[in-house]
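File shown here: final-v3.pdb, holding PDB, C-alpha atoms and all ligand atoms.
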MODEL        1
ATOM      1  CA  MET A 788       0.000   0.000   0.000  1.00  0.00           C
ATOM      2  CA  SER A 789       1.302   3.460  -0.857  1.00  0.00           C
ATOM      3  CA  SER A 790       2.365   5.715   1.988  1.00  0.00           C
ATOM      4  CA  LEU A 791       0.773   9.134   2.407  1.00  0.00           C
ATOM      5  CA  LEU A 792       4.085  10.577   1.241  1.00  0.00           C
ATOM      6  CA  GLU A 793       3.905   8.617  -2.014  1.00  0.00           C
ATOM      7  CA  LEU A 794       0.247   9.537  -2.536  1.00  0.00           C
ATOM      8  CA  LEU A 795       1.153  13.225  -2.231  1.00  0.00           C
ATOM      9  CA  GLY A 796       4.015  12.955  -4.724  1.00  0.00           C
ATOM     10  CA  GLY A 797       7.059  12.364  -2.527  1.00  0.00           C
ATOM     11  CA  ARG A 798       9.667  14.754  -1.159  1.00  0.00           C
ATOM     12  CA  ASP A 799       9.418  17.032  -4.220  1.00  0.00           C
ATOM     13  CA  ALA A 800       5.743  17.638  -3.496  1.00  0.00           C
ATOM     14  CA  ILE A 801       6.374  18.215   0.219  1.00  0.00           C
ATOM     15  CA  GLU A 802       8.968  20.873  -0.588  1.00  0.00           C
ATOM     16  CA  ILE A 803       6.313  22.769  -2.530  1.00  0.00           C
ATOM     17  CA  VAL A 804       3.753  22.229   0.226  1.00  0.00           C
ATOM     18  CA  VAL A 805       5.975  23.706   2.958  1.00  0.00           C
ATOM     19  CA  VAL A 806       6.417  26.889   0.911  1.00  0.00           C
ATOM     20  CA  GLY A 807       2.633  27.261   0.804  1.00  0.00           C
ATOM     21  CA  VAL A 808       2.304  26.481   4.504  1.00  0.00           C
ATOM     22  CA  TRP A 809       4.898  29.126   5.395  1.00  0.00           C
ATOM     23  CA  GLU A 810       3.199  31.722   3.199  1.00  0.00           C
ATOM     24  CA  ARG A 811      -0.137  31.088   4.901  1.00  0.00           C
ATOM     25  CA  MET A 812       1.282  30.975   8.422  1.00  0.00           C
ATOM     26  CA  ILE A 813       3.306  34.150   8.127  1.00  0.00           C
ATOM     27  CA  VAL A 814       0.239  36.249   7.206  1.00  0.00           C
ATOM     28  CA  ASP A 815      -1.996  34.512   9.744  1.00  0.00           C
ATOM     29  CA  PRO A 816      -3.061  37.010  12.444  1.00  0.00           C
ATOM     30  CA  SER A 817      -2.243  34.655  15.328  1.00  0.00           C
ATOM     31  CA  LEU A 818       0.573  32.502  13.910  1.00  0.00           C
ATOM     32  CA  GLY A 819       2.511  35.170  12.017  1.00  0.00           C
ATOM     33  CA  ALA A 820       4.064  36.755  15.106  1.00  0.00           C
ATOM     34  CA  LEU A 821       5.450  33.405  16.270  1.00  0.00           C
ATOM     35  CA  PHE A 822       7.494  33.110  13.078  1.00  0.00           C
ATOM     36  CA  ARG A 823       8.706  36.716  12.777  1.00  0.00           C
ATOM     37  CA  ASP A 824      12.273  35.943  13.889  1.00  0.00           C
ATOM     38  CA  VAL A 825      12.490  32.466  12.362  1.00  0.00           C
ATOM     39  CA  SER A 826      14.684  31.697   9.332  1.00  0.00           C
ATOM     40  CA  ARG A 827      12.333  30.780   6.506  1.00  0.00           C
ATOM     41  CA  THR A 828      14.838  28.557   4.731  1.00  0.00           C
ATOM     42  CA  ARG A 829      15.690  26.622   7.878  1.00  0.00           C
ATOM     43  CA  TYR A 830      12.081  26.269   8.887  1.00  0.00           C
ATOM     44  CA  GLU A 831      10.941  25.034   5.498  1.00  0.00           C
ATOM     45  CA  ARG A 832      13.721  22.470   5.454  1.00  0.00           C
ATOM     46  CA  GLY A 833      12.983  21.286   8.991  1.00  0.00           C
ATOM     47  CA  LEU A 834       9.258  21.097   8.338  1.00  0.00           C
ATOM     48  CA  ALA A 835       9.805  19.184   5.100  1.00  0.00           C
ATOM     49  CA  ASP A 836      12.120  16.703   6.862  1.00  0.00           C
ATOM     50  CA  SER A 837       9.597  16.137   9.660  1.00  0.00           C
ATOM     51  CA  LEU A 838       6.637  15.774   7.309  1.00  0.00           C
ATOM     52  CA  CYS A 839       8.489  13.304   5.104  1.00  0.00           C
ATOM     53  CA  VAL A 840       9.282  11.087   8.088  1.00  0.00           C
ATOM     54  CA  LEU A 841       5.779  11.349   9.461  1.00  0.00           C
ATOM     55  CA  LEU A 842       4.008  10.680   6.168  1.00  0.00           C
ATOM     56  CA  ASP A 843       6.298   7.938   4.937  1.00  0.00           C
ATOM     57  CA  SER A 844       5.152   5.119   7.157  1.00  0.00           C
ATOM     58  CA  ASP A 845       1.974   3.955   8.840  1.00  0.00           C
ATOM     59  CA  ASP A 846       4.204   3.330  11.806  1.00  0.00           C
ATOM     60  CA  PRO A 847       6.375   6.459  11.780  1.00  0.00           C
ATOM     61  CA  PRO A 848       9.508   6.529  13.858  1.00  0.00           C
ATOM     62  CA  TRP A 849       9.232   8.644  16.950  1.00  0.00           C
ATOM     63  CA  ILE A 850      10.144  12.213  16.024  1.00  0.00           C
ATOM     64  CA  GLY A 851       8.134  13.728  18.839  1.00  0.00           C
ATOM     65  CA  ARG A 852      11.016  13.995  21.275  1.00  0.00           C
ATOM     66  CA  GLU A 853      13.000  16.235  18.909  1.00  0.00           C
ATOM     67  CA  LEU A 854       9.944  18.358  18.087  1.00  0.00           C
ATOM     68  CA  ARG A 855       9.160  18.677  21.786  1.00  0.00           C
ATOM     69  CA  ARG A 856      12.683  19.927  22.425  1.00  0.00           C
ATOM     70  CA  VAL A 857      12.398  22.550  19.660  1.00  0.00           C
ATOM     71  CA  HIS A 858       8.900  23.772  20.561  1.00  0.00           C
ATOM     72  CA  GLY A 859       8.755  23.263  24.313  1.00  0.00           C
ATOM     73  CA  ALA A 860       9.611  26.820  25.289  1.00  0.00           C
ATOM     74  CA  LEU A 861       7.652  28.558  22.536  1.00  0.00           C
ATOM     75  CA  GLY A 862       4.280  28.608  24.292  1.00  0.00           C
ATOM     76  CA  VAL A 863       2.382  27.240  21.284  1.00  0.00           C
ATOM     77  CA  ARG A 864      -1.340  26.990  22.140  1.00  0.00           C
ATOM     78  CA  ASP A 865      -3.921  24.461  20.964  1.00  0.00           C
ATOM     79  CA  ALA A 866      -5.515  27.141  18.794  1.00  0.00           C
ATOM     80  CA  ASP A 867      -2.134  27.834  17.150  1.00  0.00           C
ATOM     81  CA  PHE A 868      -1.744  24.166  16.333  1.00  0.00           C
ATOM     82  CA  ASP A 869      -5.248  24.108  14.838  1.00  0.00           C
ATOM     83  CA  ARG A 870      -4.315  27.093  12.668  1.00  0.00           C
ATOM     84  CA  PHE A 871      -1.181  25.264  11.567  1.00  0.00           C
ATOM     85  CA  LEU A 872      -3.306  22.283  10.510  1.00  0.00           C
ATOM     86  CA  ASP A 873      -5.689  24.655   8.696  1.00  0.00           C
ATOM     87  CA  CYS A 874      -2.766  26.210   6.789  1.00  0.00           C
ATOM     88  CA  LEU A 875      -1.515  22.749   5.832  1.00  0.00           C
ATOM     89  CA  ALA A 876      -4.970  21.582   4.705  1.00  0.00           C
ATOM     90  CA  ALA A 877      -5.637  24.784   2.739  1.00  0.00           C
ATOM     91  CA  THR A 878      -2.276  24.452   0.970  1.00  0.00           C
ATOM     92  CA  LEU A 879      -2.997  20.846   0.009  1.00  0.00           C
ATOM     93  CA  GLU A 880      -6.519  21.697  -1.189  1.00  0.00           C
ATOM     94  CA  ALA A 881      -5.199  24.606  -3.265  1.00  0.00           C
ATOM     95  CA  ALA A 882      -2.758  22.158  -4.878  1.00  0.00           C
ATOM     96  CA  GLY A 883      -5.655  19.928  -5.915  1.00  0.00           C
ATOM     97  CA  VAL A 884      -5.195  17.155  -3.345  1.00  0.00           C
ATOM     98  CA  SER A 885      -8.456  15.285  -2.792  1.00  0.00           C
ATOM     99  CA  ARG A 886     -10.393  16.000   0.390  1.00  0.00           C
ATOM    100  CA  PRO A 887     -10.136  12.431   1.714  1.00  0.00           C
ATOM    101  CA  LEU A 888      -6.350  12.519   1.310  1.00  0.00           C
ATOM    102  CA  VAL A 889      -6.158  15.971   2.930  1.00  0.00           C
ATOM    103  CA  ARG A 890      -8.128  14.565   5.875  1.00  0.00           C
ATOM    104  CA  ARG A 891      -5.741  11.639   6.242  1.00  0.00           C
ATOM    105  CA  VAL A 892      -2.687  13.896   6.124  1.00  0.00           C
ATOM    106  CA  ARG A 893      -4.234  16.260   8.653  1.00  0.00           C
ATOM    107  CA  GLY A 894      -4.992  13.361  10.955  1.00  0.00           C
ATOM    108  CA  ARG A 895      -1.444  12.053  10.732  1.00  0.00           C
ATOM    109  CA  VAL A 896       0.133  15.435  11.501  1.00  0.00           C
ATOM    110  CA  ALA A 897      -2.339  15.968  14.341  1.00  0.00           C
ATOM    111  CA  VAL A 898      -0.614  13.199  16.319  1.00  0.00           C
ATOM    112  CA  LEU A 899       2.166  15.735  16.976  1.00  0.00           C
ATOM    113  CA  ARG A 900      -0.139  18.049  18.935  1.00  0.00           C
ATOM    114  CA  GLY A 901       1.149  16.953  22.332  1.00  0.00           C
ATOM    115  CA  ASP A 902       4.760  17.505  21.220  1.00  0.00           C
ATOM    116  CA  ILE A 903       4.218  20.992  19.787  1.00  0.00           C
ATOM    117  CA  VAL A 904       1.658  22.513  22.146  1.00  0.00           C
ATOM    118  CA  SER A 905       3.059  23.499  25.507  1.00  0.00           C
ATOM    119  CA  GLY A 906      -0.118  25.033  26.844  1.00  0.00           C
ATOM    120  CA  ALA A 907       1.472  28.242  28.037  1.00  0.00           C
ATOM    121  CA  VAL A 908       0.169  31.570  26.786  1.00  0.00           C
ATOM    122  CA  ALA A 909       2.090  32.629  23.702  1.00  0.00           C
ATOM    123  CA  ASN A 910       3.349  36.159  23.657  1.00  0.00           C
TER
HETATM  124  C1  LIG B   1       1.298  25.818  15.662  1.00  0.00           C
HETATM  125  C2  LIG B   1       2.230  25.048  15.156  1.00  0.00           C
HETATM  126  C3  LIG B   1       3.698  25.403  15.181  1.00  0.00           C
HETATM  127  C4  LIG B   1       4.335  26.537  15.592  1.00  0.00           C
HETATM  128  C5  LIG B   1       3.743  27.819  16.151  1.00  0.00           C
HETATM  129  C6  LIG B   1       5.756  26.315  15.397  1.00  0.00           C
HETATM  130  C7  LIG B   1       6.741  27.239  15.687  1.00  0.00           C
HETATM  131  C8  LIG B   1       8.083  27.053  15.515  1.00  0.00           C
HETATM  132  C9  LIG B   1       9.116  28.032  15.767  1.00  0.00           C
HETATM  133  C10 LIG B   1       8.877  29.465  16.262  1.00  0.00           C
HETATM  134  C11 LIG B   1      10.311  27.461  15.489  1.00  0.00           C
HETATM  135  C12 LIG B   1      11.692  28.107  15.584  1.00  0.00           C
HETATM  136  C13 LIG B   1      12.327  27.733  16.892  1.00  0.00           C
HETATM  137  C14 LIG B   1      13.690  28.376  17.055  1.00  0.00           C
HETATM  138  O1  LIG B   1      14.195  29.018  16.125  1.00  0.00           O
HETATM  139  O2  LIG B   1      14.238  28.244  18.161  1.00  0.00           O
HETATM  140  C15 LIG B   1      10.022  26.107  15.045  1.00  0.00           C
HETATM  141  C16 LIG B   1      10.997  25.209  14.641  1.00  0.00           C
HETATM  142  C17 LIG B   1      10.720  23.999  14.064  1.00  0.00           C
HETATM  143  N1  LIG B   1       9.475  23.441  13.853  1.00  0.00           N
HETATM  144 FE1  LIG B   1       7.708  24.247  14.371  1.00  0.00          FE
HETATM  145  N2  LIG B   1       5.939  25.074  14.863  1.00  0.00           N
HETATM  146  C18 LIG B   1       4.709  24.494  14.718  1.00  0.00           C
HETATM  147  C19 LIG B   1       4.438  23.247  14.206  1.00  0.00           C
HETATM  148  C20 LIG B   1       5.368  22.383  13.710  1.00  0.00           C
HETATM  149  C21 LIG B   1       5.101  21.078  13.158  1.00  0.00           C
HETATM  150  C22 LIG B   1       3.704  20.443  13.077  1.00  0.00           C
HETATM  151  C23 LIG B   1       6.291  20.565  12.786  1.00  0.00           C
HETATM  152  C24 LIG B   1       6.585  19.254  12.139  1.00  0.00           C
HETATM  153  C25 LIG B   1       5.724  18.552  11.431  1.00  0.00           C
HETATM  154  C26 LIG B   1       7.323  21.521  13.086  1.00  0.00           C
HETATM  155  C27 LIG B   1       8.656  21.367  12.854  1.00  0.00           C
HETATM  156  C28 LIG B   1       9.644  22.232  13.237  1.00  0.00           C
HETATM  157  C29 LIG B   1      11.065  21.996  13.050  1.00  0.00           C
HETATM  158  C30 LIG B   1      11.692  20.762  12.422  1.00  0.00           C
HETATM  159  C31 LIG B   1      11.743  23.114  13.566  1.00  0.00           C
HETATM  160  C32 LIG B   1      13.244  23.344  13.594  1.00  0.00           C
HETATM  161  C33 LIG B   1      13.629  24.107  12.329  1.00  0.00           C
HETATM  162  C34 LIG B   1      15.090  24.459  12.367  1.00  0.00           C
HETATM  163  O3  LIG B   1      15.928  23.575  12.185  1.00  0.00           O
HETATM  164  O4  LIG B   1      15.404  25.645  12.569  1.00  0.00           O
HETATM  165  N3  LIG B   1       6.717  22.632  13.645  1.00  0.00           N
HETATM  166  N4  LIG B   1       8.684  25.876  15.081  1.00  0.00           N
ENDMDL
END

Go ahead and express the file in the form of structure tokens.
Ligand code: HEM
Amino acid sequence: MSSLLELLGGRDAIEIVVVGVWERMIVDPSLGALFRDVSRTRYERGLADSLCVLLDSDDPPWIGRELRRVHGALGVRDADFDRFLDCLAATLEAAGVSRPLVRRVRGRVAVLRGDIVSGAVAN
């Protein structure tokens, strides 16, 4: 059975997707401020790496620990994470990905919520 990564078009497709996700996040009224001082190139690369791992297997290796380390002190809220998922889904839909596949991708990425959200109030 094809992995979600293969269904989306592989690493090449993910590299296009992360550009769209960044462009949506950076103009988002609540998410934009969180990324103001972040290097776009580094972020896109890191996000692409993480998404490729996560979408490549039905039993993805545990990348949560690393993501928890990176995000732990950022104060990302549940609502921020929801907006992130919205930006990802909107990017995929705009690229013509079918709604069922978008839902599956969203569900897979949503497993990272507990590693990204730290519950504190973002400022
Ligand atoms: C609401 C959701 C998210 C927010 C607000 C957020 C925010 C951030 C910020 C501000 C940084 C920079 C940290 C620093 O420079 O010290 C960062 C780094 C990173 N994030 Fe996120 N993130 C979110 C979701 C995700 C998700 C879902 C993934 C993976 C699928 C991810 C993967 C990464 C990676 C790999 C880095 C390190 C990039 C690097 O090497 O510089 N993030 N995140």

**Message:** Let me see if you get this right: every residue at most 9 Å from ligand LIG 1 (chain B), counting all atoms listed in the file, written as a ChimeraX atom specification.
**Reply:** /A:812,818-841,850-851,853-854,857-858,860-872,896-897,899-900,902-904

**Request:** Please provide the set of residues having any atom within 12 Å of Leu792 (chain A), restricted to all atoms listed in the file, with same-chain residues fewer than 5 positions apart removed, written as a VMD selection string.
**Result:** chain A and resid 797 to 802 804 835 to 845 847 888 to 889 891 to 892 895

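Across the model, the gap from CA of Pro848 (chain A) to CA of Trp809 (chain A) is 24.6 Å.
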